[in-house]
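Engineer: Quick one: this structure, given as structure tokens, is what I'll be asking you about.
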Amino acid sequence: MTRFINIERARIKDFEIADGVVLKSNVSAFIPGDHIQVTEKIDGANSSITYNPDTQLIECFSSNKQVTEKDGFRGFWEFVTSLTDAATEAFQAHSDFLCFGEWEVPHTMPYNADAYNRWYLYDILDKESGLYLPQDKVKAFAREAGLDYIHVIYDGAFQSWEHIQSLLSAPSSYGNAAEGIVIKNQDRLNSPDAPFYLKIVNDEFKETKIRNHMKKTDGTLEAERKQQADEATELMSDIVTMAKGVA
């Protein structure tokens with residue numbers, strides 16, 4: 001049920017990670033004039049919500065398991081079981097929707113107090129077709145259900161990667177700085193040929209991760225090694241994704 005897209009980092013050019021090992025550019029699906037949406041990449045906990053007609057219950061999930069009252073997932077279960085009548089009716093009316101969002105609890109980036117303990121909807125998968133919905137329909141469902149919709153930085157024609165990178169400096173809607181951005185190509189949505197979602201992570205986010213790890217370990221070298229290990233893991237994930245296609 002918890003079918004998240006493994007969003008690769010944008011590689012505008014081929015990237016050599018070791019002698020003879022090259023990650024090819026992955027931006028071929030983005031063509032000038034394509035309709036894209038750029039949203040803030042929020043630093044929280046991946047989660048999903050759906051209505052199950054068999055159990056007649058609204059069910060919720062973390063990135064790898066169903067969330068229950070027993071584990072709570074840092075308050076997420078309580079949030080879902082306390083949904084408004086409008087939200088409950090919306091999920092029941094759209095039982096074919098598997099809705100993905102970010103459950104915002106303290107993580108790496110420091111956010112404003114009012115950003116926490118809220119769920120930000122950013123994607124919907126049609127469980128029957130296996131296809132992701134265009135963002136205008138995701139936003140419409142957020143309005144119908146009275147849910148928070150992820151912060152949109154830009155919605156319009158793809159111009160260039162220079163333009164996209166300039167959006168990294170856009171103010172965060174949740175705190176002093178953003179984790180990064182997610183670029184979603186609406187004209188290539190669900191394309192099997194190349195990634196139609198890509199992300200770019202801010203240097204500030206990487207530095208914050210290192211600083212936070214330094215506080216835990218009191219060691220700069222260990223923090224740097226942890227960051228390098230995290231980046232290596234993400235690169236390996238990209239390699240696997242390239243081989244298997246979007247999950």
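Simple scheme: letters A, B, ... for chains in structure tokens order, numbers from 1 for residues in each chain, numbers from 1 for ligands in the order shown.
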Looking only at the backbone, which of the residues in stretch 8-242 of chain A does DSSP tag as strand (DSSP E or B), as a PyMOL selection string?
Structural biologist: chain A and resi 8-9+15-18+21-23+35-41+45-52+57-61+66+97-104+111+118-126+131-132+148-149+152-157+175+180-185+197-201
Engineer: Residues within 7 Å of A:Phe100, please, as a PyMOL selection string. Count only C-alpha atoms; anything in the same chain fewer than 5 positions from it doesn't count.
Structural biologist: chain A and resi 47-49+121-124
Engineer: I need the residue nearest A:Ala113 from this list: A:Pro192, A:Gly146, A:Gly156, A:Gly175. Use only C-alpha atoms for the distance.
Structural biologist: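 Closest to A:Ala113, using only C-alpha atoms: A:Gly175.
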Engineer: May I have the residues within 8 Å of A:Phe158 as a count of residues only, using only C-alpha atoms and disregarding those fewer than 2 positions away in the same chain?
Structural biologist: 9
Engineer: Extract, using only C-alpha atoms, all DNA, RNA and protein residues at most 10 Å from stretch 82-92 of chain A, discarding same-chain residues fewer than 3 positions from it, and format them as a ChimeraX atom specification.
Structural biologist: /A:49-53,56-58,76-79,95-99,141-147
Engineer: Nearest to A:Tyr154 among A:Ala194, A:Val38, A:Val201, A:Val80, with distances taken over only C-alpha atoms: which residue is it?
Structural biologist: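 Among A:Ala194, A:Val38, A:Val201, A:Val80, it is A:Val38 that comes nearest to A:Tyr154.
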Engineer: In Å, with one decimal, what is the gap from atom CA of A:Asp14 to atom CA of A:Ser28?
Structural biologist: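 If I compute the distance from atom CA of A:Asp14 to atom CA of A:Ser28, I get 11.8 Å.
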